[in-house]
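Next comes input_37.txt, a file with compact mmCIF, C-alpha atoms and all ligand atoms.
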# COMPACT_ATOMS: atom_id res chain seq x y z
CA MET A 1 148.07 161.56 119.16
CA ALA A 2 149.55 160.59 115.81
CA SER A 3 153.32 160.66 116.02
CA VAL A 4 155.02 163.58 114.31
CA VAL A 5 156.94 162.79 111.13
CA ARG A 6 160.67 163.20 111.69
CA LEU A 7 163.02 163.30 108.75
CA PHE A 8 166.73 163.62 108.12
CA VAL A 9 167.66 166.02 105.32
CA ASP A 10 171.05 166.79 103.86
CA HIS A 11 170.39 170.52 103.77
CA PRO A 12 171.08 173.52 106.06
CA LEU A 13 168.35 174.34 108.60
CA GLY A 14 167.80 177.75 110.20
CA GLU A 15 165.42 180.71 110.65
CA GLU A 16 163.04 180.86 107.65
CA GLN A 17 165.28 178.49 105.73
CA THR A 18 163.52 176.72 102.87
CA VAL A 19 164.32 173.08 102.17
CA PRO A 20 163.67 171.66 98.70
CA LEU A 21 162.55 168.04 98.57
CA ASP A 22 163.71 165.47 96.08
CA ARG A 23 161.40 162.96 94.45
CA ASP A 24 161.86 160.26 97.13
CA GLN A 25 161.26 162.65 100.00
CA ALA A 26 158.18 164.11 98.26
CA HIS A 27 156.86 160.61 97.62
CA TYR A 28 157.36 159.68 101.27
CA LEU A 29 155.78 162.82 102.75
CA PHE A 30 152.92 163.41 100.31
CA GLY A 31 152.33 159.92 98.92
CA VAL A 32 153.03 157.59 101.84
CA MET A 33 152.38 159.89 104.84
CA ARG A 34 149.64 161.83 103.02
CA MET A 35 150.86 165.19 104.27
CA ALA A 36 149.58 168.39 102.68
CA ARG A 37 150.46 172.09 102.49
CA GLY A 38 150.40 173.78 105.87
CA GLU A 39 151.09 170.60 107.84
CA GLU A 40 154.08 170.40 110.13
CA LEU A 41 156.90 167.94 110.70
CA LEU A 42 160.37 167.82 112.26
CA LEU A 43 163.67 167.92 110.39
CA PHE A 44 167.27 167.41 111.46
CA ASN A 45 170.46 167.32 109.46
CA GLY A 46 173.03 166.15 111.99
CA ILE A 47 174.44 169.68 112.37
CA ASP A 48 171.79 172.33 113.07
CA GLY A 49 169.65 170.53 115.67
CA GLU A 50 165.98 169.72 115.17
CA TRP A 51 163.53 172.11 113.50
CA ARG A 52 159.76 172.33 113.27
CA VAL A 53 158.93 172.97 109.63
CA THR A 54 155.82 173.44 107.55
CA VAL A 55 154.97 172.18 104.09
CA THR A 56 154.91 175.20 101.77
CA GLU A 57 154.78 173.32 98.46
CA ALA A 58 153.66 169.76 97.91
CA GLY A 59 154.06 168.09 94.52
CA LYS A 60 154.37 164.58 93.12
CA ARG A 61 158.02 164.96 92.21
CA GLY A 62 159.15 167.53 94.73
CA GLY A 63 158.13 170.13 97.24
CA VAL A 64 159.38 172.72 99.68
CA LEU A 65 159.46 172.84 103.46
CA THR A 66 160.05 176.02 105.45
CA CYS A 67 161.66 176.13 108.89
CA LEU A 68 159.53 177.64 111.69
CA GLU A 69 161.60 177.21 114.85
CA GLN A 70 164.33 175.12 116.37
CA THR A 71 162.84 172.52 118.69
CA ARG A 72 166.14 171.07 119.93
CA PRO A 73 169.80 171.96 119.64
CA LEU A 74 172.27 169.46 118.21
CA GLN A 75 173.14 166.84 120.79
CA ARG A 76 176.39 165.14 119.93
CA PRO A 77 176.98 161.64 121.26
CA PRO A 78 180.10 160.98 123.34
CA ASP A 79 183.31 160.53 121.35
CA LEU A 80 182.87 156.77 121.01
CA TRP A 81 183.74 154.75 117.91
CA LEU A 82 182.41 151.24 117.44
CA PHE A 83 184.69 148.82 115.60
CA PHE A 84 183.08 145.54 114.63
CA ALA A 85 183.64 142.81 112.08
CA PRO A 86 180.68 142.55 109.69
CA ILE A 87 178.65 139.38 110.05
CA LYS A 88 175.53 138.27 108.18
CA LYS A 89 173.65 141.10 106.52
CA ALA A 90 170.70 141.32 108.89
CA ARG A 91 172.95 141.13 111.95
CA THR A 92 175.28 143.78 110.57
CA ASP A 93 172.26 146.02 109.93
CA PHE A 94 171.20 145.42 113.53
CA ILE A 95 174.62 146.48 114.86
CA VAL A 96 174.55 149.72 112.87
CA GLU A 97 171.00 150.51 113.96
CA LYS A 98 171.80 149.83 117.63
CA ALA A 99 175.03 151.82 117.51
CA ALA A 100 173.08 154.85 116.27
CA GLU A 101 170.46 154.41 119.00
CA MET A 102 172.96 153.80 121.77
CA GLY A 103 174.96 156.91 120.97
CA ALA A 104 178.09 156.00 119.02
CA ALA A 105 179.76 158.87 117.17
CA ARG A 106 181.29 156.71 114.45
CA ILE A 107 180.62 153.21 113.16
CA CYS A 108 183.68 151.44 111.79
CA PRO A 109 183.39 148.05 110.07
CA ILE A 110 186.69 146.18 110.09
CA SER A 111 188.04 143.03 108.56
CA THR A 112 189.97 140.80 110.93
CA ASP A 113 191.82 137.49 110.55
CA PHE A 114 188.57 135.53 110.96
CA THR A 115 186.07 137.95 109.43
CA ASN A 116 183.01 136.31 107.91
CA SER A 117 182.30 138.88 105.29
CA ASP A 118 184.75 141.03 103.38
CA ARG A 119 182.27 143.32 101.74
CA ILE A 120 179.85 145.86 103.06
CA ARG A 121 177.46 148.26 101.42
CA GLN A 122 178.56 151.43 103.13
CA ASP A 123 175.70 153.51 101.65
CA ARG A 124 173.09 151.00 102.80
CA LEU A 125 174.55 150.88 106.30
CA GLN A 126 174.66 154.68 106.40
CA ALA A 127 170.96 154.74 105.43
CA HIS A 128 170.27 152.41 108.38
CA ALA A 129 172.05 154.81 110.71
CA VAL A 130 169.94 157.69 109.36
CA GLU A 131 166.73 155.72 109.83
CA ALA A 132 167.69 154.81 113.38
CA ALA A 133 168.40 158.47 114.19
CA GLU A 134 165.03 159.49 112.70
CA GLN A 135 163.28 156.90 114.77
CA CYS A 136 165.04 157.41 118.11
CA GLY A 137 164.81 161.20 118.24
CA GLY A 138 168.54 161.67 117.72
CA THR A 139 169.79 164.93 116.25
CA TYR A 140 173.12 163.43 115.20
CA VAL A 141 173.84 160.70 112.66
CA PRO A 142 176.94 158.58 113.26
CA GLU A 143 179.13 158.26 110.21
CA VAL A 144 179.57 154.76 108.80
CA MET A 145 183.18 154.39 107.68
CA PRO A 146 184.42 152.24 104.79
CA LEU A 147 185.63 148.74 105.65
CA GLN A 148 189.17 148.90 107.04
CA LYS A 149 191.66 146.21 108.04
CA LEU A 150 192.05 145.86 111.81
CA SER A 151 195.84 145.68 111.43
CA GLN A 152 195.89 148.99 109.54
CA VAL A 153 193.56 150.62 112.06
CA LEU A 154 195.98 149.59 114.82
CA ASP A 155 199.01 150.81 112.81
CA LYS A 156 197.65 154.34 112.86
CA TRP A 157 195.83 154.25 116.19
CA PRO A 158 195.41 157.81 117.57
CA ASP A 159 197.49 158.16 120.74
CA GLU A 160 194.92 159.37 123.21
CA ARG A 161 191.98 157.16 122.14
CA GLN A 162 191.27 154.32 124.57
CA LEU A 163 189.96 150.97 123.40
CA MET A 164 187.52 148.66 125.16
CA PHE A 165 188.68 145.36 123.68
CA CYS A 166 185.96 142.77 124.15
CA ASP A 167 187.97 139.56 124.28
CA GLU A 168 186.03 136.32 124.28
CA ALA A 169 189.14 134.59 125.67
CA LEU A 170 188.16 136.23 128.98
CA VAL A 171 184.73 134.59 128.98
CA GLY A 172 183.82 133.65 132.53
CA HIS A 173 186.77 135.56 134.02
CA ALA A 174 186.23 138.60 136.11
CA SER A 175 187.62 141.67 134.40
CA THR A 176 187.94 145.08 135.94
CA PRO A 177 186.25 147.88 134.05
CA PRO A 178 188.60 150.58 132.74
CA SER A 179 189.42 153.24 135.32
CA ALA A 180 187.02 156.14 135.74
CA ARG A 181 190.06 158.41 135.34
CA LEU A 182 189.83 157.72 131.60
CA ARG A 183 186.39 159.29 131.39
CA ALA A 184 187.55 162.40 129.55
CA GLN A 185 189.40 160.47 126.85
CA PRO A 186 188.03 159.62 123.42
CA TRP A 187 187.11 155.95 123.28
CA ALA A 188 186.44 153.02 120.97
CA ILE A 189 184.92 149.57 121.40
CA LEU A 190 186.19 146.52 119.51
CA ILE A 191 183.97 143.51 118.82
CA GLY A 192 185.27 140.50 116.91
CA PRO A 193 183.60 138.33 114.27
CA GLU A 194 181.77 135.03 114.82
CA GLY A 195 185.11 133.27 114.67
CA GLY A 196 186.54 135.49 117.39
CA PHE A 197 190.02 137.06 117.37
CA SER A 198 193.15 135.25 116.19
CA GLU A 199 195.94 134.65 118.66
CA ALA A 200 198.13 137.12 116.72
CA GLU A 201 195.49 139.83 117.03
CA ARG A 202 195.07 139.13 120.71
CA VAL A 203 198.82 139.29 121.35
CA ARG A 204 199.12 142.55 119.47
CA LEU A 205 196.23 144.13 121.37
CA ARG A 206 197.44 142.89 124.75
CA THR A 207 200.64 144.84 124.40
CA GLN A 208 198.99 148.19 123.73
CA ASP A 209 198.55 150.57 126.66
CA TYR A 210 195.40 152.05 125.17
CA ALA A 211 193.68 148.64 124.94
CA HIS A 212 191.61 147.55 127.95
CA ARG A 213 190.60 143.90 127.70
CA ILE A 214 187.23 143.19 129.14
CA SER A 215 184.91 140.24 129.55
CA LEU A 216 181.22 140.41 128.77
CA GLY A 217 180.30 137.75 131.31
CA PRO A 218 180.25 133.98 131.59
CA ARG A 219 178.58 133.24 128.23
CA ILE A 220 179.84 133.74 124.67
CA LEU A 221 177.63 136.35 123.08
CA ARG A 222 176.95 136.67 119.39
CA ALA A 223 178.73 139.65 117.91
CA ASP A 224 175.51 141.68 117.60
CA THR A 225 174.58 141.03 121.22
CA ALA A 226 178.16 141.73 122.30
CA ALA A 227 178.07 145.11 120.53
CA VAL A 228 174.95 146.20 122.40
CA ALA A 229 176.23 144.82 125.73
CA ALA A 230 179.58 146.60 125.34
CA MET A 231 177.97 149.91 124.42
CA THR A 232 175.70 149.61 127.46
CA LEU A 233 178.67 148.95 129.74
CA TRP A 234 180.60 151.82 128.24
CA GLN A 235 177.68 154.25 128.47
CA GLN A 236 177.17 153.25 132.10
CA GLN A 237 180.79 153.96 132.95
CA PHE A 238 181.70 156.92 130.74
CA GLY A 239 178.75 158.00 128.62
CA ASP A 240 175.92 160.50 128.37
CA TRP A 241 173.19 158.52 130.10
CA GLY A 242 173.08 160.20 133.43
N1 LIG B 1 183.83 132.13 118.15
C1 LIG B 1 184.26 132.75 119.35
C2 LIG B 1 183.24 133.76 119.86
C3 LIG B 1 183.11 135.02 119.08
S1 LIG B 1 181.82 135.99 119.70
C4 LIG B 1 184.44 131.70 120.43
O1 LIG B 1 183.70 130.73 120.40
O2 LIG B 1 185.28 131.89 121.29
C5 LIG B 1 182.01 137.48 118.78
C6 LIG B 1 182.67 138.62 119.52
O3 LIG B 1 181.84 139.06 120.58
C7 LIG B 1 183.98 138.31 120.19
O4 LIG B 1 185.08 138.41 119.30
C8 LIG B 1 184.06 139.36 121.29
O5 LIG B 1 184.50 140.61 120.79
C9 LIG B 1 182.60 139.48 121.69
N2 LIG B 1 182.25 138.61 122.83
C10 LIG B 1 181.27 137.69 122.86
N3 LIG B 1 181.15 137.13 124.09
C11 LIG B 1 182.08 137.74 124.87
C12 LIG B 1 182.43 137.65 126.25
N4 LIG B 1 181.81 136.80 127.08
N5 LIG B 1 183.43 138.44 126.71
C13 LIG B 1 184.06 139.31 125.89
N6 LIG B 1 183.76 139.45 124.58
C14 LIG B 1 182.78 138.69 124.07
Re-express the file's structure as structure tokens.
Amino acid sequence: MASVVRLFVDHPLGEEQTVPLDRDQAHYLFGVMRMARGEELLLFNGIDGEWRVTVTEAGKRGGVLTCLEQTRPLQRPPDLWLFFAPIKKARTDFIVEKAAEMGAARICPISTDFTNSDRIRQDRLQAHAVEAAEQCGGTYVPEVMPLQKLSQVLDKWPDERQLMFCDEALVGHASTPPSARLRAQPWAILIGPEGGFSEAERVRLRTQDYAHRISLGPRILRADTAAVAAMTLWQQQFGDWG
């Protein structure tokens, strides 16, 4: 069976709702995917769940889709934010894609004392998150935040949010996972850049009650691997996997 086309749209979805298509969407559906009037696909918008829709108008520069029925309600991910320091472009793209697949609610690039890259293309990263959600059957798209400074993020840290601080200084040491009692809290994960965390950052984080330092095993992982490993650990302990 050919796989069903699944598309994110920035438009309300609901009973008999019509959805106008812009030029790019029309090109994709009717040019690339060769869809025609009367054919069906799935839409989601990150708010209204997933809908089965039919093509009611197909043109070169636009078109219209009409909602038939909701196929799935919105499934929000757990309240987990991923903080990471951007690395090389392809690896940063990978982190964003994996965060969307693994079920992060928010993706937060940060600059740290040893950050490799001080610029990100927020719109491009957001597009990666959308693509990952389209591909993995997600009904929610995590928001990619603008680049923020770690020190400023910590200055205004929300009281109740817990932080899984992945500290490479603990490599090879046993670390206890955060207590299951903290399951109901909002959470965040923090992954450092290739250069790791500075001593000043580490000292600051060590003194915060909300920060739980953990080790990701006996080997130093690259930041992109560490992000996936940490999200797996977190999902296992607190998440929506089972
Ligand atoms: N250059 C550093 C390693 C940085 S690895 C060094 O050689 O020490 C990039 C990030 O991945 C780290 O900042 C940390 O957040 C995470 N990380 C990688 N391996 C880890 C491990 N074994 N335990 C905890 N965090 C790890």
Find the residues of region 103-154 of chain A that sit at most 10 Å from region 74-78 of chain A; for each, write down the nearest two atoms and how far apart they are in Å, to one decimal. Count only C-alpha atoms. Sort by chain, then by number going up, and give it as CSV.
residue,atom,partner,partner_atom,distance
A:Gly103,CA,A:Pro77,CA,5.2
A:Ala104,CA,A:Pro77,CA,6.2
A:Ala105,CA,A:Pro77,CA,5.7
A:Arg106,CA,A:Pro77,CA,9.4
A:Gly138,CA,A:Gln75,CA,7.6
A:Thr139,CA,A:Leu74,CA,5.5
A:Tyr140,CA,A:Arg76,CA,6.0
A:Val141,CA,A:Arg76,CA,8.9
A:Pro142,CA,A:Pro77,CA,8.6
Give as a PDB file with C-alpha atoms, in the coordinates of the input every residue, naming chains and numbers as the document does, that has an atom within 6 Å of (181.2, 154.6, 109.1), counting only C-alpha atoms.
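Saved to out_12.pdb:
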ATOM      1  CA  ARG A 106     181.290 156.710 114.450  1.00  0.00           C
ATOM      2  CA  ILE A 107     180.620 153.210 113.160  1.00  0.00           C
ATOM      3  CA  CYS A 108     183.680 151.440 111.790  1.00  0.00           C
ATOM      4  CA  GLU A 143     179.130 158.260 110.210  1.00  0.00           C
ATOM      5  CA  VAL A 144     179.570 154.760 108.800  1.00  0.00           C
ATOM      6  CA  MET A 145     183.180 154.390 107.680  1.00  0.00           C
ATOM      7  CA  PRO A 146     184.420 152.240 104.790  1.00  0.00           C
TER       8      PRO A 146
END
Compile a residue-level contact table for chain A against ligand LIG 1 (chain B) at a cut-off of 6 Å, reporting for every qualifying residue the shortest atom pair and its distance in Å to one decimal, with all atoms listed in the file counted, rows ordered by chain and ascending number, as CSV.
residue,atom,partner,partner_atom,distance
A:Cys166,CA,B:LIG1,N6,4.0
A:Asp167,CA,B:LIG1,N6,4.2
A:Glu168,CA,B:LIG1,N6,3.9
A:Leu170,CA,B:LIG1,N5,5.7
A:Val171,CA,B:LIG1,N4,4.1
A:Ile191,CA,B:LIG1,O5,3.5
A:Gly192,CA,B:LIG1,O4,3.2
A:Pro193,CA,B:LIG1,C5,4.9
A:Glu194,CA,B:LIG1,C3,4.5
A:Gly195,CA,B:LIG1,N1,3.9
A:Gly196,CA,B:LIG1,O4,3.8
A:Phe197,CA,B:LIG1,O4,5.5
A:Ile214,CA,B:LIG1,C13,6.0
A:Ser215,CA,B:LIG1,N5,3.7
A:Leu216,CA,B:LIG1,N5,3.6
A:Gly217,CA,B:LIG1,N4,4.6
A:Pro218,CA,B:LIG1,N4,5.5
A:Arg219,CA,B:LIG1,N4,4.9
A:Ile220,CA,B:LIG1,N3,3.7
A:Leu221,CA,B:LIG1,N3,3.7
A:Arg222,CA,B:LIG1,S1,4.9
A:Ala223,CA,B:LIG1,C5,4.0
A:Ala226,CA,B:LIG1,O3,4.9
Of the listed residues A:Leu154, A:Thr225, A:Ala99, A:His11, that which approaches Glu131 (chain A) most closely, counting only C-alpha atoms: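 The closest residue to Glu131 (chain A) is A:Ala99.
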Is there a way to get, as a PDB file with C-alpha atoms, in the coordinates of the input, all residues within 10 Å of the point (158.3, 157.8, 111.1) in file coordinates, counting only C-alpha atoms?
ATOM      1  CA  SER A   3     153.320 160.660 116.020  1.00  0.00           C
ATOM      2  CA  VAL A   4     155.020 163.580 114.310  1.00  0.00           C
ATOM      3  CA  VAL A   5     156.940 162.790 111.130  1.00  0.00           C
ATOM      4  CA  ARG A   6     160.670 163.200 111.690  1.00  0.00           C
ATOM      5  CA  LEU A   7     163.020 163.300 108.750  1.00  0.00           C
ATOM      6  CA  MET A  33     152.380 159.890 104.840  1.00  0.00           C
ATOM      7  CA  GLU A 131     166.730 155.720 109.830  1.00  0.00           C
ATOM      8  CA  GLU A 134     165.030 159.490 112.700  1.00  0.00           C
ATOM      9  CA  GLN A 135     163.280 156.900 114.770  1.00  0.00           C
ATOM     10  CA  CYS A 136     165.040 157.410 118.110  1.00  0.00           C
TER      11      CYS A 136
END
Interatomic distance, CA of Leu80 (chain A) to CA of Ile189 (chain A) (Å, one decimal): 7.5 Å
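Take the candidates A:Gln162, A:Gln235, A:Thr92, A:Gln70 and check each one against Arg119 (chain A) using all atoms listed in the file; the shortest distance goes to A:Thr92.
Excluding Leu68 (chain A) itself and any same-chain residue fewer than 2 positions from it, the protein and nucleic acid residues within 12 Å of it, counting only C-alpha atoms, are Leu13, Gly14, Glu15, Glu16, Gln17, Thr18, Val19, Gly38, Glu39, Glu40, Leu41, Leu42, Leu43, Glu50, Trp51, Arg52, Val53, Thr54, Val55, Thr56, Leu65, Thr66, Gln70 and Thr71 of chain A.
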Atomic distance CA of Thr232 (chain A) - CA of Asp93 (chain A), expressed in Å with one decimal: 18.2 Å
Distance in Å - CA of Ala200 (chain A) versus CA of Trp157 (chain A):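 Atom-to-atom, CA of Ala200 (chain A) to CA of Trp157 (chain A), that is 17.3 Å.
For the choices A:Arg183, A:His27, A:His173, A:Lys88, the atom-to-atom distance to Ala58 (chain A) is smallest for A:His27 when using only C-alpha atoms.
Taking all atoms listed in the file, the non-local environment of Val96 (chain A) within 9 Å (same-chain residues fewer than 4 positions away omitted) comprises Arg91, Thr92, Ala100, Glu101, Ile107, Leu125, Gln126, His128, Ala129, Ala132 and Val144 of chain A.
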Can you write out the residues you just picked, keeping C-alpha atoms, as an mmCIF file, in the coordinates of the input?
data_model
loop_
_atom_site.group_PDB
_atom_site.id
_atom_site.type_symbol
_atom_site.label_atom_id
_atom_site.label_comp_id
_atom_site.auth_asym_id
_atom_site.auth_seq_id
_atom_site.Cartn_x
_atom_site.Cartn_y
_atom_site.Cartn_z
ATOM 1 C CA ARG A 91 172.950 141.130 111.950
ATOM 2 C CA THR A 92 175.280 143.780 110.570
ATOM 3 C CA ALA A 100 173.080 154.850 116.270
ATOM 4 C CA GLU A 101 170.460 154.410 119.000
ATOM 5 C CA ILE A 107 180.620 153.210 113.160
ATOM 6 C CA LEU A 125 174.550 150.880 106.300
ATOM 7 C CA GLN A 126 174.660 154.680 106.400
ATOM 8 C CA HIS A 128 170.270 152.410 108.380
ATOM 9 C CA ALA A 129 172.050 154.810 110.710
ATOM 10 C CA ALA A 132 167.690 154.810 113.380
ATOM 11 C CA VAL A 144 179.570 154.760 108.800
#
Top pick for closest residue to Val64 (chain A), considering A:Leu21, A:Leu190, A:Val228, A:Ala36 and counting all atoms listed in the file: A:Leu21
Nearest-residue call for Ser111 (chain A), choices A:Ile87, A:Val130, A:Val203, A:Ala227, using only C-alpha atoms: A:Ile87
Which of A:Met102, A:Val9, A:Cys67, A:Ala211 sits closest to Met164 (chain A) [using only C-alpha atoms]: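 Looking only at the distances to Met164 (chain A), the closest residue turns out to be A:Ala211.
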